[in-house]
file query12.csv (CSV, C-alpha atoms)
chain,number,residue,atom,x,y,z
A,1,MET,CA,-31.7,16.7,23.1
A,2,ALA,CA,-34.6,15.2,24.9
A,3,LEU,CA,-36.9,12.9,23.0
A,4,ASP,CA,-40.1,11.9,24.7
A,5,ASP,CA,-42.1,8.9,23.6
A,6,GLU,CA,-44.6,11.0,21.7
A,7,LYS,CA,-42.0,12.8,19.7
A,8,LEU,CA,-40.2,9.6,19.0
A,9,ALA,CA,-43.4,8.0,17.7
A,10,THR,CA,-44.1,11.0,15.5
A,11,ILE,CA,-40.7,10.9,14.0
A,12,GLN,CA,-41.0,7.1,13.3
A,13,ILE,CA,-44.3,7.5,11.6
A,14,LYS,CA,-43.0,10.3,9.4
A,15,LEU,CA,-39.8,8.4,8.6
A,16,ASP,CA,-41.9,5.4,7.6
A,17,ALA,CA,-43.9,7.7,5.3
A,18,ILE,CA,-40.7,9.2,3.8
A,19,TRP,CA,-39.4,5.6,3.2
A,20,LYS,CA,-42.6,4.7,1.3
A,21,ALA,CA,-42.4,7.8,-0.8
A,22,SER,CA,-38.7,7.3,-1.5
A,23,LYS,CA,-38.8,3.6,-2.2
A,24,PRO,CA,-39.7,3.8,-5.9
A,25,ALA,CA,-36.8,6.2,-6.6
A,26,LEU,CA,-34.4,4.1,-4.6
A,27,LEU,CA,-35.5,1.0,-6.6
A,28,GLU,CA,-34.9,3.0,-9.7
A,29,ARG,CA,-31.4,3.9,-8.5
A,30,LEU,CA,-30.8,0.2,-7.7
A,31,ALA,CA,-31.8,-0.7,-11.2
A,32,THR,CA,-29.3,1.8,-12.6
A,33,LEU,CA,-26.6,0.3,-10.3
A,34,GLU,CA,-27.5,-3.3,-11.4
A,35,SER,CA,-27.5,-2.4,-15.1
A,36,SER,CA,-24.3,-0.4,-15.0
A,37,CYS,CA,-22.5,-3.1,-12.9
A,38,GLY,CA,-23.7,-5.7,-15.4
A,39,GLU,CA,-22.3,-3.7,-18.2
A,40,TRP,CA,-19.0,-3.2,-16.3
A,41,LEU,CA,-18.8,-6.9,-15.5
A,42,ASP,CA,-19.1,-7.7,-19.3
A,43,HIS,CA,-16.9,-4.8,-20.3
A,44,PRO,CA,-14.4,-3.8,-17.6
A,45,GLU,CA,-13.0,-1.2,-19.9
A,46,ASN,CA,-16.3,0.7,-20.0
A,47,GLU,CA,-15.5,3.8,-18.0
A,48,ASP,CA,-19.0,5.3,-18.3
A,49,ALA,CA,-20.6,2.2,-16.8
A,50,ARG,CA,-18.0,2.2,-14.0
A,51,GLN,CA,-18.7,5.9,-13.2
A,52,THR,CA,-22.5,5.4,-13.3
A,53,ALA,CA,-22.2,2.4,-11.0
A,54,HIS,CA,-20.0,4.4,-8.6
A,55,ASP,CA,-22.4,7.3,-8.4
A,56,ALA,CA,-25.5,5.1,-7.9
A,57,ALA,CA,-23.7,3.0,-5.2
A,58,HIS,CA,-22.5,6.2,-3.5
A,59,LYS,CA,-26.0,7.6,-3.3
A,60,LEU,CA,-27.5,4.4,-2.0
A,61,ALA,CA,-24.7,4.0,0.6
A,62,GLY,CA,-25.5,7.5,1.9
A,63,VAL,CA,-29.2,7.0,2.4
A,64,LEU,CA,-30.1,3.4,3.2
A,65,GLY,CA,-28.7,3.4,6.7
A,66,THR,CA,-30.7,6.5,7.5
A,67,PHE,CA,-33.9,4.4,7.0
A,68,GLY,CA,-32.6,1.7,9.2
A,69,LEU,CA,-30.9,-0.4,6.5
A,70,ALA,CA,-27.4,-0.3,7.9
A,71,ARG,CA,-26.4,-3.5,6.1
A,72,GLY,CA,-27.7,-1.9,2.8
A,73,SER,CA,-25.4,1.0,3.3
A,74,GLN,CA,-22.5,-1.4,4.0
A,75,ILE,CA,-23.1,-3.3,0.8
A,76,ALA,CA,-23.5,-0.2,-1.3
A,77,SER,CA,-20.2,1.1,0.2
A,78,GLU,CA,-18.5,-2.1,-0.7
A,79,ILE,CA,-19.7,-1.9,-4.3
A,80,GLU,CA,-18.7,1.8,-4.4
A,81,ARG,CA,-15.2,0.7,-3.2
A,82,ILE,CA,-15.0,-2.0,-5.8
A,83,VAL,CA,-15.9,0.4,-8.7
A,84,SER,CA,-13.9,3.4,-7.3
A,85,THR,CA,-10.7,2.6,-9.1
A,86,PRO,CA,-10.6,3.0,-12.9
A,87,GLY,CA,-9.1,-0.2,-14.4
A,88,HIS,CA,-10.1,-2.2,-11.3
A,89,GLU,CA,-11.2,-5.7,-12.3
A,90,PRO,CA,-14.9,-6.5,-11.4
A,91,LEU,CA,-15.0,-9.0,-8.6
A,92,PRO,CA,-17.0,-12.2,-8.7
A,93,GLN,CA,-19.0,-11.5,-5.6
A,94,MET,CA,-20.7,-8.4,-7.3
A,95,PRO,CA,-23.9,-10.3,-8.4
A,96,HIS,CA,-24.3,-11.7,-4.9
A,97,LEU,CA,-23.9,-8.2,-3.3
A,98,LEU,CA,-26.4,-6.7,-5.8
A,99,ALA,CA,-28.9,-9.5,-5.1
A,100,GLU,CA,-28.6,-9.0,-1.3
A,101,LEU,CA,-29.1,-5.3,-1.7
A,102,ARG,CA,-32.2,-5.7,-3.9
A,103,GLU,CA,-33.8,-8.2,-1.4
A,104,MET,CA,-33.2,-5.8,1.5
A,105,ILE,CA,-34.8,-2.8,-0.2
A,106,VAL,CA,-37.7,-4.7,-1.7
A,107,VAL,CA,-38.6,-6.4,1.7
A,108,LYS,CA,-38.6,-3.3,3.8
A,109,GLN,CA,-42.1,-1.9,4.2
B,1,MET,CA,-33.5,32.3,23.3
B,2,LYS,CA,-33.5,33.0,19.5
B,3,LYS,CA,-34.5,29.9,17.5
B,4,ARG,CA,-31.7,28.4,15.5
B,5,ARG,CA,-32.0,28.4,11.8
B,6,ILE,CA,-30.1,25.9,9.6
B,7,LEU,CA,-29.7,25.7,5.8
B,8,ILE,CA,-29.7,22.3,4.2
B,9,ILE,CA,-28.1,22.1,0.8
B,10,ASP,CA,-28.5,18.7,-0.8
B,11,ASP,CA,-29.6,17.5,-4.2
B,12,GLU,CA,-31.2,14.3,-2.8
B,13,GLU,CA,-34.9,14.8,-2.0
B,14,ASP,CA,-35.1,12.0,0.5
B,15,ILE,CA,-32.1,13.2,2.4
B,16,ARG,CA,-33.4,16.7,2.5
B,17,THR,CA,-36.8,15.5,3.8
B,18,VAL,CA,-35.4,13.3,6.5
B,19,THR,CA,-32.9,16.0,7.6
B,20,ALA,CA,-35.5,18.7,7.8
B,21,LEU,CA,-37.9,16.4,9.7
B,22,THR,CA,-35.3,15.5,12.3
B,23,LEU,CA,-33.9,19.0,12.8
B,24,GLU,CA,-37.4,20.5,13.0
B,25,THR,CA,-38.8,17.8,15.3
B,26,VAL,CA,-35.9,16.8,17.5
B,27,ALA,CA,-34.1,20.1,17.8
B,28,GLU,CA,-37.1,22.5,17.0
B,29,TRP,CA,-34.8,24.5,14.7
B,30,ASP,CA,-36.0,26.4,11.7
B,31,VAL,CA,-34.9,24.7,8.5
B,32,VAL,CA,-34.3,26.3,5.1
B,33,ILE,CA,-33.9,24.1,2.1
B,34,ALA,CA,-31.8,24.4,-1.0
B,35,ILE,CA,-31.6,21.8,-3.8
B,36,ASN,CA,-28.1,22.6,-5.2
B,37,GLY,CA,-25.0,24.8,-4.6
B,38,LYS,CA,-26.2,27.8,-6.6
B,39,ASP,CA,-29.6,27.8,-4.8
B,40,GLY,CA,-27.8,27.3,-1.5
B,41,ILE,CA,-25.6,30.4,-1.9
B,42,GLN,CA,-28.6,32.5,-2.7
B,43,ARG,CA,-30.5,31.2,0.3
B,44,ALA,CA,-27.5,31.7,2.6
B,45,ARG,CA,-27.3,35.4,1.5
B,46,GLN,CA,-31.0,35.9,1.9
B,47,GLU,CA,-31.7,33.9,5.1
B,48,GLN,CA,-28.5,34.4,7.0
B,49,PRO,CA,-28.8,30.9,8.7
B,50,ASP,CA,-26.8,30.1,11.9
B,51,ALA,CA,-25.2,27.2,10.1
B,52,ILE,CA,-25.2,25.3,6.8
B,53,LEU,CA,-25.3,21.6,6.3
B,54,LEU,CA,-23.8,21.0,2.9
B,55,ASP,CA,-23.8,17.8,0.9
B,56,VAL,CA,-20.4,17.0,-0.8
B,57,MET,CA,-21.4,15.1,-3.9
B,58,MET,CA,-23.8,17.2,-6.0
B,59,PRO,CA,-24.0,17.7,-9.8
B,60,GLU,CA,-22.8,21.0,-11.3
B,61,MET,CA,-21.5,22.6,-8.2
B,62,ASP,CA,-20.2,20.2,-5.6
B,63,GLY,CA,-20.0,20.8,-1.8
B,64,PRO,CA,-16.3,21.9,-1.7
B,65,THR,CA,-16.9,24.4,-4.6
B,66,THR,CA,-20.0,25.7,-2.9
B,67,PHE,CA,-18.1,26.1,0.3
B,68,ARG,CA,-15.3,28.1,-1.4
B,69,ASN,CA,-17.9,30.3,-3.0
B,70,LEU,CA,-19.6,30.9,0.3
B,71,GLN,CA,-16.2,31.9,1.7
B,72,ALA,CA,-15.7,34.4,-1.1
B,73,ILE,CA,-18.9,36.3,-0.3
B,74,ALA,CA,-18.8,38.8,2.6
B,75,GLU,CA,-22.4,38.1,3.7
B,76,THR,CA,-21.9,34.4,4.0
B,77,ARG,CA,-18.2,33.8,5.0
B,78,HIS,CA,-19.0,34.0,8.7
B,79,ILE,CA,-21.6,31.2,8.6
B,80,PRO,CA,-20.2,27.9,9.9
B,81,VAL,CA,-20.5,25.1,7.3
B,82,LEU,CA,-20.8,21.4,8.1
B,83,LEU,CA,-20.1,19.0,5.2
B,84,LEU,CA,-22.3,15.9,5.0
B,85,THR,CA,-20.7,13.1,3.1
B,86,ALA,CA,-20.9,9.4,2.4
B,87,LYS,CA,-17.2,9.3,1.6
B,88,VAL,CA,-15.4,7.6,4.4
B,89,GLN,CA,-11.9,7.1,3.0
B,90,ALA,CA,-9.2,8.8,5.0
B,91,VAL,CA,-7.9,10.7,2.0
B,92,ASP,CA,-11.3,12.3,1.5
B,93,GLN,CA,-11.7,13.1,5.2
B,94,GLN,CA,-8.3,14.9,5.2
B,95,ARG,CA,-9.2,16.8,2.0
B,96,PHE,CA,-12.5,18.0,3.6
B,97,ALA,CA,-10.7,19.0,6.8
B,98,ASP,CA,-8.2,21.0,4.8
B,99,LEU,CA,-11.0,23.1,3.3
B,100,GLY,CA,-11.5,24.8,6.7
B,101,VAL,CA,-15.1,23.8,7.3
B,102,ALA,CA,-16.5,23.8,10.8
B,103,GLY,CA,-16.9,20.0,10.7
B,104,VAL,CA,-17.7,16.9,8.7
B,105,LEU,CA,-20.6,14.6,9.3
B,106,PHE,CA,-21.1,11.2,7.7
B,107,LYS,CA,-23.9,9.6,5.8
B,108,PRO,CA,-25.8,7.5,6.6
B,109,PHE,CA,-26.8,9.4,9.7
B,110,ASP,CA,-29.1,8.4,12.5
B,111,PRO,CA,-32.1,10.8,12.3
B,112,LEU,CA,-32.5,10.7,16.0
B,113,THR,CA,-29.0,11.9,16.8
B,114,LEU,CA,-28.2,14.2,13.9
B,115,ALA,CA,-29.2,17.4,15.7
B,116,ASP,CA,-27.1,16.5,18.7
B,117,GLN,CA,-24.1,15.8,16.4
B,118,ILE,CA,-24.5,19.2,14.7
B,119,ALA,CA,-25.0,21.0,18.0
B,120,GLY,CA,-21.9,19.3,19.4
B,121,VAL,CA,-19.7,20.2,16.5
B,122,LEU,CA,-20.9,23.8,16.6
B,123,GLY,CA,-20.8,24.2,20.4
B,124,TRP,CA,-24.5,24.8,20.6
B,125,ASN,CA,-24.9,22.5,23.6
B,126,GLU,CA,-22.7,24.7,25.8
call {"tool": "encode", "arguments": {"input": "query12.csv", "output": "structure tokens"}}
result
Amino acid sequence: MALDDEKLATIQIKLDAIWKASKPALLERLATLESSCGEWLDHPENEDARQTAHDAAHKLAGVLGTFGLARGSQIASEIERIVSTPGHEPLPQMPHLLAELREMIVVKQ
Amino acid sequence: MKKRRILIIDDEEDIRTVTALTLETVAEWDVVIAINGKDGIQRARQEQPDAILLDVMMPEMDGPTTFRNLQAIAETRHIPVLLLTAKVQAVDQQRFADLGVAGVLFKPFDPLTLADQIAGVLGWNE
């Protein structure tokens, strides 16, 4: 479908506005992911924490790339993969992945 | 030519907003919104859209269950359904394909090309 410059500019302005409006909720979801992952790192037997982390990571993976944060979706997908298996041991790189994800979301205007 | 009408069923507000924006602006389709599976079934019956874009992971009634319910209703079973999912594992993809949906699209999507993807799967470009 043809997209002229004017239409493209209109879409970009609206996408930026949607990002600004969505950012607080995404940061809240990130906080849920961080706390549930933290709980799971401390208590790998905690199934509720694992499931909460899984759902938060899944939602972030699905949306961040749509706002141009492709790497954010990749990181969230990686976290989702790690927490997808009940009984799976938390991996040591989890805190680093979470920190990178936070930095990415916070920085984007 | 009659303007296309598409129903978006997604529990995520940001995804609904971006999807509606792109389909209305890029493709100039009419967009109908539903916030969960139950609402989506009701809207599908009332609005008779040309297609349904259905999120997979939703609370209470997930996408596959919503699809099966749509298939069980005479007024909605003819409407093509595209699943929208962030699940990329092969086992999930096969499970979705086995449902009999018209197609599966993946999140995150590019807002600028989503309409083309939908039109391509549904043969609306021909």
call {"tool": "residues_around", "arguments": {"input": "query12.csv", "residues": "Gly68 of chain A", "least_positions_apart": "5", "cutoff": "10 Å", "atoms": "all atoms listed in the file", "output": "ChimeraX atom specification"}}
result
/A:15,19,63,73,108 /B:108-111
call {"tool": "interface_residues", "arguments": {"input": "query12.csv", "of": "chain A", "to": "chain B", "cutoff": "8 Å", "atoms": "all atoms listed in the file", "output": "number ranges by chain"}}
result
A: 1-3, 7, 11, 14-15, 18, 22, 58-59, 61-66, 73
call {"tool": "closest_residue", "arguments": {"input": "query12.csv", "among": "B:Ala20, B:Leu7, B:Ile73, B:Val56", "to": "Val104 of chain B", "atoms": "all atoms listed in the file"}}
result
B:Val56
call {"tool": "closest_residue", "arguments": {"input": "query12.csv", "among": "A:Ala31, A:Arg71, A:Val106, A:Glu45", "to": "Val83 of chain A", "atoms": "all atoms listed in the file"}}
result
A:Glu45
call {"tool": "closest_residue", "arguments": {"input": "query12.csv", "among": "B:Ala97, B:Val91, B:Val32, B:Val121", "to": "Gln48 of chain B", "atoms": "all atoms listed in the file"}}
result
B:Val32
call {"tool": "atom_distance", "arguments": {"input": "query12.csv", "atom1": "atom CA of Pro49 of chain B", "atom2": "atom CA of Asp98 of chain B"}}
result
23.2 Å
call {"tool": "residues_around", "arguments": {"input": "query12.csv", "residues": "Ile35 of chain B", "least_positions_apart": "6", "cutoff": "9 Å", "atoms": "only C-alpha atoms", "output": "list in words"}}
result
Ile8, Ile9, Asp10, Asp11, Glu12, Glu13 and Arg16 of chain B
call {"tool": "atom_distance", "arguments": {"input": "query12.csv", "atom1": "atom CA of Asp4 of chain A", "atom2": "atom CA of Leu82 of chain B"}}
result
27.2 Å
call {"tool": "residues_around", "arguments": {"input": "query12.csv", "residues": "His78 of chain B", "least_positions_apart": "5", "cutoff": "12 Å", "atoms": "all atoms listed in the file", "output": "list in words"}}
result
Ala44, Arg45, Gln48, Pro49, Asp50, Ala51, Ile52, Phe67, Leu70, Gln71, Ala72, Ile73, Val101 and Ala102 of chain B
call {"tool": "residues_around", "arguments": {"input": "query12.csv", "residues": "Glu80 of chain A", "least_positions_apart": "4", "cutoff": "8 Å", "atoms": "all atoms listed in the file", "output": "CSV table (one decimal) with C-alpha atoms, in the coordinates of the input"}}
result
chain,number,residue,atom,x,y,z
A,53,ALA,CA,-22.2,2.4,-11.0
A,54,HIS,CA,-20.0,4.4,-8.6
A,55,ASP,CA,-22.4,7.3,-8.4
A,57,ALA,CA,-23.7,3.0,-5.2
A,58,HIS,CA,-22.5,6.2,-3.5
A,76,ALA,CA,-23.5,-0.2,-1.3
A,84,SER,CA,-13.9,3.4,-7.3
call {"tool": "atom_distance", "arguments": {"input": "query12.csv", "atom1": "atom CA of Leu99 of chain B", "atom2": "atom CA of Leu53 of chain B"}}
result
14.7 Å
call {"tool": "closest_residue", "arguments": {"input": "query12.csv", "among": "B:Gln93, B:Gln42, B:Asn36, B:Thr76", "to": "Glu60 of chain B", "atoms": "all atoms listed in the file"}}
result
B:Asn36
call {"tool": "closest_residue", "arguments": {"input": "query12.csv", "among": "A:Ile79, A:Ala25, A:Val107, A:Ala9", "to": "Cys37 of chain A", "atoms": "only C-alpha atoms"}}
result
A:Ile79
call {"tool": "closest_residue", "arguments": {"input": "query12.csv", "among": "B:Gln117, B:Phe96, B:Arg43, B:Ile6", "to": "Thr65 of chain B", "atoms": "all atoms listed in the file"}}
result
B:Phe96
call {"tool": "axis_aligned_box", "arguments": {"input": "query12.csv", "around": "segment 51-62 of chain A", "padding_each_side": "5 Å", "output": "JSON"}}
result
{"center_x": -23.1, "center_y": 5.0, "center_z": -5.7, "size_x": 18.8, "size_y": 15.2, "size_z": 25.2}
